[in-house]
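> This is structure-v9.tsv (TSV, C-alpha atoms and all ligand atoms).
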```
chain	number	residue	atom	x	y	z
A	1	MET	CA	109.08	38.68	62.21
A	2	ARG	CA	112.08	40.23	63.92
A	3	LYS	CA	113.95	37.92	66.28
A	4	PRO	CA	114.97	39.77	69.46
A	5	LEU	CA	118.70	40.29	69.94
A	6	ILE	CA	120.19	40.65	73.40
A	7	ALA	CA	123.81	41.75	73.09
A	8	GLY	CA	126.28	42.07	75.93
A	9	ASN	CA	128.92	44.75	75.49
A	10	TRP	CA	131.70	43.87	77.91
A	11	LYS	CA	133.56	47.10	77.05
A	12	MET	CA	137.14	47.02	78.51
A	13	ASN	CA	136.33	44.34	81.09
A	14	GLY	CA	137.00	40.66	81.55
A	15	ASP	CA	139.89	38.22	81.43
A	16	MET	CA	140.34	34.51	80.62
A	17	LYS	CA	139.22	33.37	84.05
A	18	THR	CA	136.11	35.53	84.32
A	19	SER	CA	135.14	34.72	80.70
A	20	TYR	CA	135.23	31.01	81.40
A	21	LYS	CA	133.01	31.37	84.48
A	22	LEU	CA	130.59	33.80	82.86
A	23	ILE	CA	130.12	31.84	79.63
A	24	THR	CA	129.78	28.52	81.47
A	25	GLU	CA	127.04	30.00	83.64
A	26	LEU	CA	125.32	31.62	80.66
A	27	LYS	CA	125.26	28.36	78.73
A	28	GLU	CA	123.55	26.68	81.66
A	29	GLY	CA	121.12	29.48	82.39
A	30	ILE	CA	119.83	30.67	79.02
A	31	LEU	CA	116.40	29.16	78.45
A	32	ASN	CA	114.95	31.52	75.90
A	33	SER	CA	115.70	30.12	72.47
A	34	ASP	CA	113.44	32.74	70.85
A	35	VAL	CA	116.14	35.30	71.53
A	36	GLU	CA	119.47	35.66	69.75
A	37	THR	CA	122.21	36.11	72.36
A	38	LEU	CA	125.45	37.86	71.54
A	39	ILE	CA	128.66	38.59	73.44
A	40	CYS	CA	130.82	41.49	72.28
A	41	CYS	CA	134.05	40.98	74.19
A	42	PRO	CA	137.44	42.74	74.03
A	43	PHE	CA	139.68	41.75	71.10
A	44	THR	CA	142.05	39.81	73.35
A	45	LEU	CA	139.25	37.50	74.51
A	46	ILE	CA	137.66	36.79	71.13
A	47	ASN	CA	139.58	33.58	70.57
A	48	GLU	CA	138.82	32.32	74.08
A	49	VAL	CA	135.13	33.25	73.92
A	50	SER	CA	134.84	31.75	70.43
A	51	THR	CA	136.02	28.40	71.85
A	52	LEU	CA	133.83	28.63	74.95
A	53	ILE	CA	130.58	29.31	73.05
A	54	LYS	CA	131.02	26.43	70.57
A	55	GLY	CA	127.95	24.21	70.58
A	56	SER	CA	125.78	26.88	72.22
A	57	ASN	CA	123.42	29.45	70.71
A	58	ILE	CA	125.58	32.33	71.86
A	59	LYS	CA	127.06	34.42	69.04
A	60	LEU	CA	130.29	36.36	68.91
A	61	GLY	CA	130.84	40.06	68.35
A	62	ALA	CA	133.60	42.67	68.54
A	63	GLN	CA	133.36	46.22	69.83
A	64	ASN	CA	135.14	48.07	67.03
A	65	MET	CA	137.17	47.65	63.84
A	66	HIS	CA	139.09	49.74	61.32
A	67	TRP	CA	137.68	50.65	57.91
A	68	GLU	CA	140.76	49.79	55.84
A	69	ASN	CA	141.71	46.24	54.86
A	70	LYS	CA	145.26	46.44	56.21
A	71	GLY	CA	148.28	48.69	56.50
A	72	ALA	CA	150.08	51.12	58.75
A	73	TYR	CA	147.37	51.68	61.38
A	74	THR	CA	149.13	50.95	64.65
A	75	GLY	CA	146.87	49.43	67.25
A	76	GLU	CA	143.95	48.82	64.89
A	77	ILE	CA	142.09	45.61	63.95
A	78	SER	CA	140.67	44.88	60.48
A	79	ALA	CA	137.46	43.18	59.40
A	80	ASP	CA	139.43	40.27	57.92
A	81	MET	CA	141.14	39.73	61.28
A	82	LEU	CA	137.74	39.53	62.95
A	83	LYS	CA	136.37	37.22	60.26
A	84	GLU	CA	139.25	34.84	60.82
A	85	LEU	CA	138.03	34.43	64.41
A	86	ASP	CA	134.40	33.80	63.34
A	87	VAL	CA	133.15	37.16	64.53
A	88	GLU	CA	129.60	37.69	63.29
A	89	TYR	CA	128.76	41.17	64.64
A	90	VAL	CA	130.66	44.36	65.38
A	91	ILE	CA	129.53	47.33	67.46
A	92	LEU	CA	130.23	50.54	65.53
A	93	GLY	CA	129.85	54.18	66.52
A	94	HIS	CA	129.38	53.51	70.22
A	95	SER	CA	129.08	56.84	72.05
A	96	GLU	CA	132.23	56.04	74.03
A	97	ARG	CA	134.15	55.81	70.76
A	98	ARG	CA	132.52	58.95	69.42
A	99	GLU	CA	133.13	60.97	72.60
A	100	ILE	CA	136.47	59.66	73.88
A	101	PHE	CA	138.12	58.69	70.58
A	102	LEU	CA	136.48	61.42	68.50
A	103	GLU	CA	134.94	59.14	65.89
A	104	THR	CA	132.87	61.16	63.45
A	105	ASP	CA	129.78	60.15	61.48
A	106	SER	CA	131.99	59.89	58.42
A	107	ILE	CA	134.34	57.43	60.15
A	108	VAL	CA	131.36	55.42	61.40
A	109	ASN	CA	130.00	55.32	57.84
A	110	LYS	CA	133.30	53.99	56.47
A	111	LYS	CA	133.34	51.28	59.14
A	112	VAL	CA	129.72	50.29	58.46
A	113	LEU	CA	130.46	49.95	54.72
A	114	LYS	CA	133.58	47.87	55.35
A	115	ALA	CA	131.84	45.57	57.83
A	116	LEU	CA	129.04	44.92	55.33
A	117	GLU	CA	131.51	44.29	52.51
A	118	LYS	CA	133.19	41.67	54.70
A	119	ASN	CA	129.93	40.06	55.86
A	120	ILE	CA	130.13	41.22	59.46
A	121	LYS	CA	126.87	42.61	60.82
A	122	PRO	CA	127.27	46.13	62.19
A	123	ILE	CA	125.47	47.17	65.36
A	124	LEU	CA	125.29	50.87	64.66
A	125	CYS	CA	124.93	52.95	67.84
A	126	VAL	CA	123.24	56.33	67.91
A	127	GLY	CA	122.11	58.52	70.79
A	128	GLU	CA	121.77	62.05	72.08
A	129	THR	CA	123.45	63.81	75.01
A	130	LEU	CA	121.48	65.07	78.00
A	131	GLU	CA	121.90	68.64	76.78
A	132	GLU	CA	120.49	67.74	73.35
A	133	ARG	CA	117.54	65.97	74.97
A	134	GLU	CA	116.80	68.97	77.17
A	135	LYS	CA	116.97	71.30	74.16
A	136	LYS	CA	114.53	68.97	72.33
A	137	GLN	CA	117.16	68.13	69.69
A	138	THR	CA	116.93	64.36	70.11
A	139	LYS	CA	115.24	63.64	66.79
A	140	ASP	CA	117.51	65.94	64.78
A	141	LYS	CA	120.59	64.33	66.27
A	142	ILE	CA	119.35	60.79	65.76
A	143	LYS	CA	118.29	61.48	62.18
A	144	GLU	CA	121.66	62.95	61.31
A	145	GLN	CA	123.59	60.08	62.91
A	146	VAL	CA	121.47	57.39	61.24
A	147	LEU	CA	121.50	58.93	57.77
A	148	ARG	CA	125.22	59.81	57.84
A	149	ALA	CA	126.19	56.33	59.04
A	150	LEU	CA	124.07	54.67	56.36
A	151	GLU	CA	125.27	56.73	53.39
A	152	ASN	CA	125.77	54.37	50.41
A	153	VAL	CA	124.32	51.40	52.29
A	154	ASP	CA	121.92	49.91	49.78
A	155	GLU	CA	118.67	47.96	50.10
A	156	ASN	CA	120.35	44.56	49.99
A	157	GLU	CA	122.84	45.44	52.68
A	158	ILE	CA	120.68	47.27	55.20
A	159	ILE	CA	118.98	44.03	56.23
A	160	ASN	CA	122.27	43.01	57.88
A	161	VAL	CA	122.51	46.17	59.97
A	162	VAL	CA	121.26	46.34	63.55
A	163	ILE	CA	120.70	49.78	65.06
A	164	ALA	CA	121.06	50.46	68.78
A	165	TYR	CA	119.49	53.54	70.31
A	166	GLU	CA	121.64	54.42	73.32
A	167	PRO	CA	120.89	57.80	74.87
A	168	ILE	CA	124.27	58.92	76.20
A	169	TRP	CA	122.77	60.17	79.47
A	170	ALA	CA	121.48	56.67	80.22
A	171	ILE	CA	124.76	54.79	79.72
A	172	GLY	CA	126.34	53.56	82.93
A	173	THR	CA	124.43	56.15	84.94
A	174	GLY	CA	121.61	54.00	86.30
A	175	LYS	CA	119.19	56.38	84.54
A	176	THR	CA	117.11	54.67	81.87
A	177	ALA	CA	114.94	56.26	79.26
A	178	THR	CA	111.42	55.27	80.23
A	179	PRO	CA	110.14	52.43	78.07
A	180	VAL	CA	107.76	54.93	76.44
A	181	GLU	CA	110.59	57.39	75.67
A	182	ALA	CA	112.81	54.61	74.33
A	183	ASN	CA	110.03	53.17	72.18
A	184	GLU	CA	109.25	56.60	70.77
A	185	VAL	CA	112.82	57.19	69.56
A	186	VAL	CA	113.15	53.62	68.29
A	187	GLY	CA	109.88	54.13	66.36
A	188	PHE	CA	111.31	57.36	64.95
A	189	ILE	CA	114.42	55.48	63.75
A	190	ARG	CA	112.13	53.00	61.98
A	191	GLU	CA	110.41	55.95	60.27
A	192	ILE	CA	113.79	57.21	59.03
A	193	LEU	CA	114.52	53.74	57.66
A	194	GLU	CA	111.09	53.55	56.06
A	195	ASN	CA	111.68	56.85	54.26
A	196	LYS	CA	115.05	55.68	53.00
A	197	TYR	CA	114.38	52.01	52.22
A	198	GLY	CA	110.60	51.58	52.13
A	199	VAL	CA	108.22	50.01	54.60
A	200	ASP	CA	108.91	46.33	53.89
A	201	ILE	CA	112.64	46.65	54.52
A	202	SER	CA	112.24	48.95	57.53
A	203	GLU	CA	109.99	46.38	59.19
A	204	GLU	CA	112.75	43.78	58.99
A	205	ILE	CA	115.52	45.80	60.62
A	206	ARG	CA	116.18	45.21	64.29
A	207	ILE	CA	116.46	48.26	66.52
A	208	LEU	CA	117.73	47.77	70.06
A	209	TYR	CA	117.68	49.93	73.16
A	210	GLY	CA	120.76	50.36	75.36
A	211	GLY	CA	121.47	52.33	78.53
A	212	SER	CA	121.27	50.92	82.06
A	213	VAL	CA	119.22	47.87	81.03
A	214	LYS	CA	118.87	45.68	84.13
A	215	PRO	CA	116.77	42.67	85.14
A	216	GLU	CA	114.38	45.09	86.90
A	217	ASN	CA	113.54	47.13	83.79
A	218	ALA	CA	114.26	44.66	80.96
A	219	THR	CA	110.83	43.08	80.63
A	220	GLU	CA	109.01	46.36	80.30
A	221	ILE	CA	111.53	47.76	77.80
A	222	LEU	CA	111.71	44.57	75.73
A	223	ASN	CA	107.95	44.20	75.53
A	224	LYS	CA	107.61	47.55	73.77
A	225	GLN	CA	106.37	47.15	70.23
A	226	ASP	CA	109.24	48.77	68.34
A	227	ILE	CA	112.13	47.61	70.54
A	228	ASP	CA	113.75	44.45	69.21
A	229	GLY	CA	116.29	43.78	71.92
A	230	ALA	CA	118.90	45.35	74.11
A	231	LEU	CA	122.55	46.32	74.10
A	232	VAL	CA	123.61	45.68	77.68
A	233	GLY	CA	126.78	47.01	79.32
A	234	GLY	CA	127.31	46.53	83.06
A	235	ALA	CA	124.60	43.91	83.56
A	236	SER	CA	126.11	41.66	80.87
A	237	LEU	CA	129.13	41.09	83.12
A	238	LYS	CA	127.01	39.40	85.78
A	239	ALA	CA	125.77	35.98	84.71
A	240	ASN	CA	122.55	36.05	86.72
A	241	ASP	CA	121.60	39.53	85.56
A	242	PHE	CA	122.34	38.83	81.91
A	243	ILE	CA	120.50	35.50	82.05
A	244	SER	CA	117.44	37.10	83.57
A	245	ILE	CA	117.45	39.83	80.84
A	246	ILE	CA	117.71	37.14	78.13
A	247	ASN	CA	114.94	35.05	79.71
A	248	PHE	CA	112.72	38.16	79.98
A	301	LIG	P1	125.18	50.14	80.55
A	301	LIG	O1	124.19	49.01	80.35
A	301	LIG	O2	126.27	49.81	81.50
A	301	LIG	O3	124.48	51.43	80.86
A	301	LIG	O4	125.91	50.36	79.13
A	301	LIG	C1	125.15	50.50	78.00
A	301	LIG	C2	126.04	50.46	76.81
A	301	LIG	O5	126.81	51.38	76.57
A	301	LIG	C3	126.01	49.26	75.98
A	301	LIG	O6	126.71	49.45	74.78
```
Would you mind writing the file out in structure tokens?
Ligand code: 13P

Amino acid sequence: MRKPLIAGNWKMNGDMKTSYKLITELKEGILNSDVETLICCPFTLINEVSTLIKGSNIKLGAQNMHWENKGAYTGEISADMLKELDVEYVILGHSERREIFLETDSIVNKKVLKALEKNIKPILCVGETLEEREKKQTKDKIKEQVLRALENVDENEIINVVIAYEPIWAIGTGKTATPVEANEVVGFIREILENKYGVDISEEIRILYGGSVKPENATEILNKQDIDGALVGGASLKANDFISIINF
């Protein structure tokens, strides 16, 4: 049985003051203990958020990391640095990193392998552009991204990977894939995993949907058979919205 995961991706937002208020309100408002709740905050807030969530069921994640252990990589953060702060998850291959910072599938693969080696659970993001969707290339794109990112990830390790399907055209735009569309692509990702790892393993892997998830559409999306949770951007910055998504 896959436990739903609702992850908030704060992106480049938040400060000490807003984190304190947001986490305090979340701790009071989250009623749904059947859901795993995760906050992926900016690096500078990890220490603060780690302290604030102590004693709650909220887990801690980062939004990126480098694939090398250490060295001359100005501005980068390693897996060991994240581990030292009790980070349990890391978002990898988010479309904003792929598009703005030109991260390739090969870079994403190196990061996934390093995170797994260091016992940090990767949330691997995949998704198509609007142009690719209109040209009916969604499945080809998703298949390539999933398989390239999971090269050399073996059967024992894949269980610790979470995949997030985030159609790029639905991120921050207010447009959501319909629950049926989202479920179809998420189901397709499970098929890819089944072909690579077998049915038993593929049934254990959590696959999330992300892209303009809001209190108004969360219940319908999260009740879809193949969708095991959500990766939430904007709405995770508002306590009431995030709470109502978690309590779906
Ligand atoms: P929004 O929920 O703001 O569309 O962002 C989605 C996202 O990119 C989460 O990683």
> Please determine an axis-aligned box that encloses all atoms of ligand LIG 301 (chain A) listed in the file, with 5 Å added on each side, and express its centre and edge lengths in Å to one decimal as lines of an AutoDock Vina configuration file.

```
center_x = 125.5
center_y = 50.2
center_z = 78.1
size_x = 12.6
size_y = 12.4
size_z = 16.7
```
> So, counting all atoms listed in the file, which residue among A:Ile30, A:Gln63, A:Lys214, A:Thr104 is closest to Leu237 in chain A?
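When distances to Leu237 in chain A are compared using all atoms listed in the file, the smallest one comes from A:Lys214.
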> Would you write out, as a tab-separated table, a table of all residues in chain A that have an atom no more than 8 Å from an atom of ligand LIG 301 (chain A), listing for each the closest atom pair and the distance in Å to one decimal, considering only C-alpha atoms and all ligand atoms and ordering rows by chain and rising residue number?

```
residue	atom	partner	partner_atom	distance
A:Gly8	CA	A:LIG301	C3	7.2
A:Asn9	CA	A:LIG301	O6	5.2
A:Lys11	CA	A:LIG301	O6	7.6
A:His94	CA	A:LIG301	O6	6.7
A:Ser95	CA	A:LIG301	O5	7.4
A:Glu96	CA	A:LIG301	O5	7.6
A:Cys125	CA	A:LIG301	O6	8.0
A:Glu166	CA	A:LIG301	O5	6.8
A:Ile168	CA	A:LIG301	O5	8.0
A:Ala170	CA	A:LIG301	O3	6.1
A:Ile171	CA	A:LIG301	O3	3.6
A:Gly172	CA	A:LIG301	O3	3.5
A:Thr173	CA	A:LIG301	O3	6.2
A:Gly174	CA	A:LIG301	O3	6.7
A:Gly210	CA	A:LIG301	C1	5.1
A:Gly211	CA	A:LIG301	O3	3.9
A:Ser212	CA	A:LIG301	O3	3.5
A:Val213	CA	A:LIG301	O1	5.1
A:Lys214	CA	A:LIG301	O1	7.3
A:Leu231	CA	A:LIG301	C3	4.9
A:Val232	CA	A:LIG301	O1	4.3
A:Gly233	CA	A:LIG301	O1	3.4
A:Gly234	CA	A:LIG301	O2	3.8
A:Ala235	CA	A:LIG301	O1	6.0
A:Ser236	CA	A:LIG301	O1	7.6
```
> Nearest to Val49 in chain A: which of A:Leu22, A:Ala7, A:Val199, A:Ala218 is it, counting all atoms listed in the file?
A:Leu22
> Just how far from CA of Thr37 in chain A is CA of Glu84 in chain A, in Å to one decimal?
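Separation between CA of Glu84 in chain A and CA of Thr37 in chain A: 20.6 Å.
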> With only C-alpha atoms as the counted atoms, please give the residues lying no more than 9 Å from Thr138 in chain A, apart from itself and same-chain residues fewer than 3 positions off, as a PyMOL selection string.
chain A and resi 127-129+132-135+141-143+185
> Pick out the closest residue to Ile46 in chain A from this set: A:Met81, A:Leu5, A:Ala239, A:Leu31. Count all atoms listed in the file.
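Comparing A:Met81, A:Leu5, A:Ala239, A:Leu31 against Ile46 in chain A, the winner is A:Met81.
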> Of the residues A:Val153, A:Leu92, A:Ile77, A:Val162, which is the one nearest to Ile6 in chain A, using all atoms listed in the file?
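Residue with the minimum atom-to-atom distance to Ile6 in chain A: A:Val162.
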> If you count only C-alpha atoms, which residues fall within 12 Å of range 23-25 of chain A, apart from same-chain ones fewer than 6 positions away, as JSON, numbers by chain?
{"A": [8, 14, 15, 16, 17, 31, 37, 38, 39, 41, 45, 48, 49, 50, 51, 52, 53, 54, 55, 56, 57, 58, 59, 60, 236, 237, 238, 239, 240, 241, 242, 243, 244]}
> Could you pull the residues within 10 Å of Arg148 in chain A, counting all atoms listed in the file, minus those fewer than 3 positions along the same chain, as number ranges by chain?
A: 104-109, 142-145, 151-152
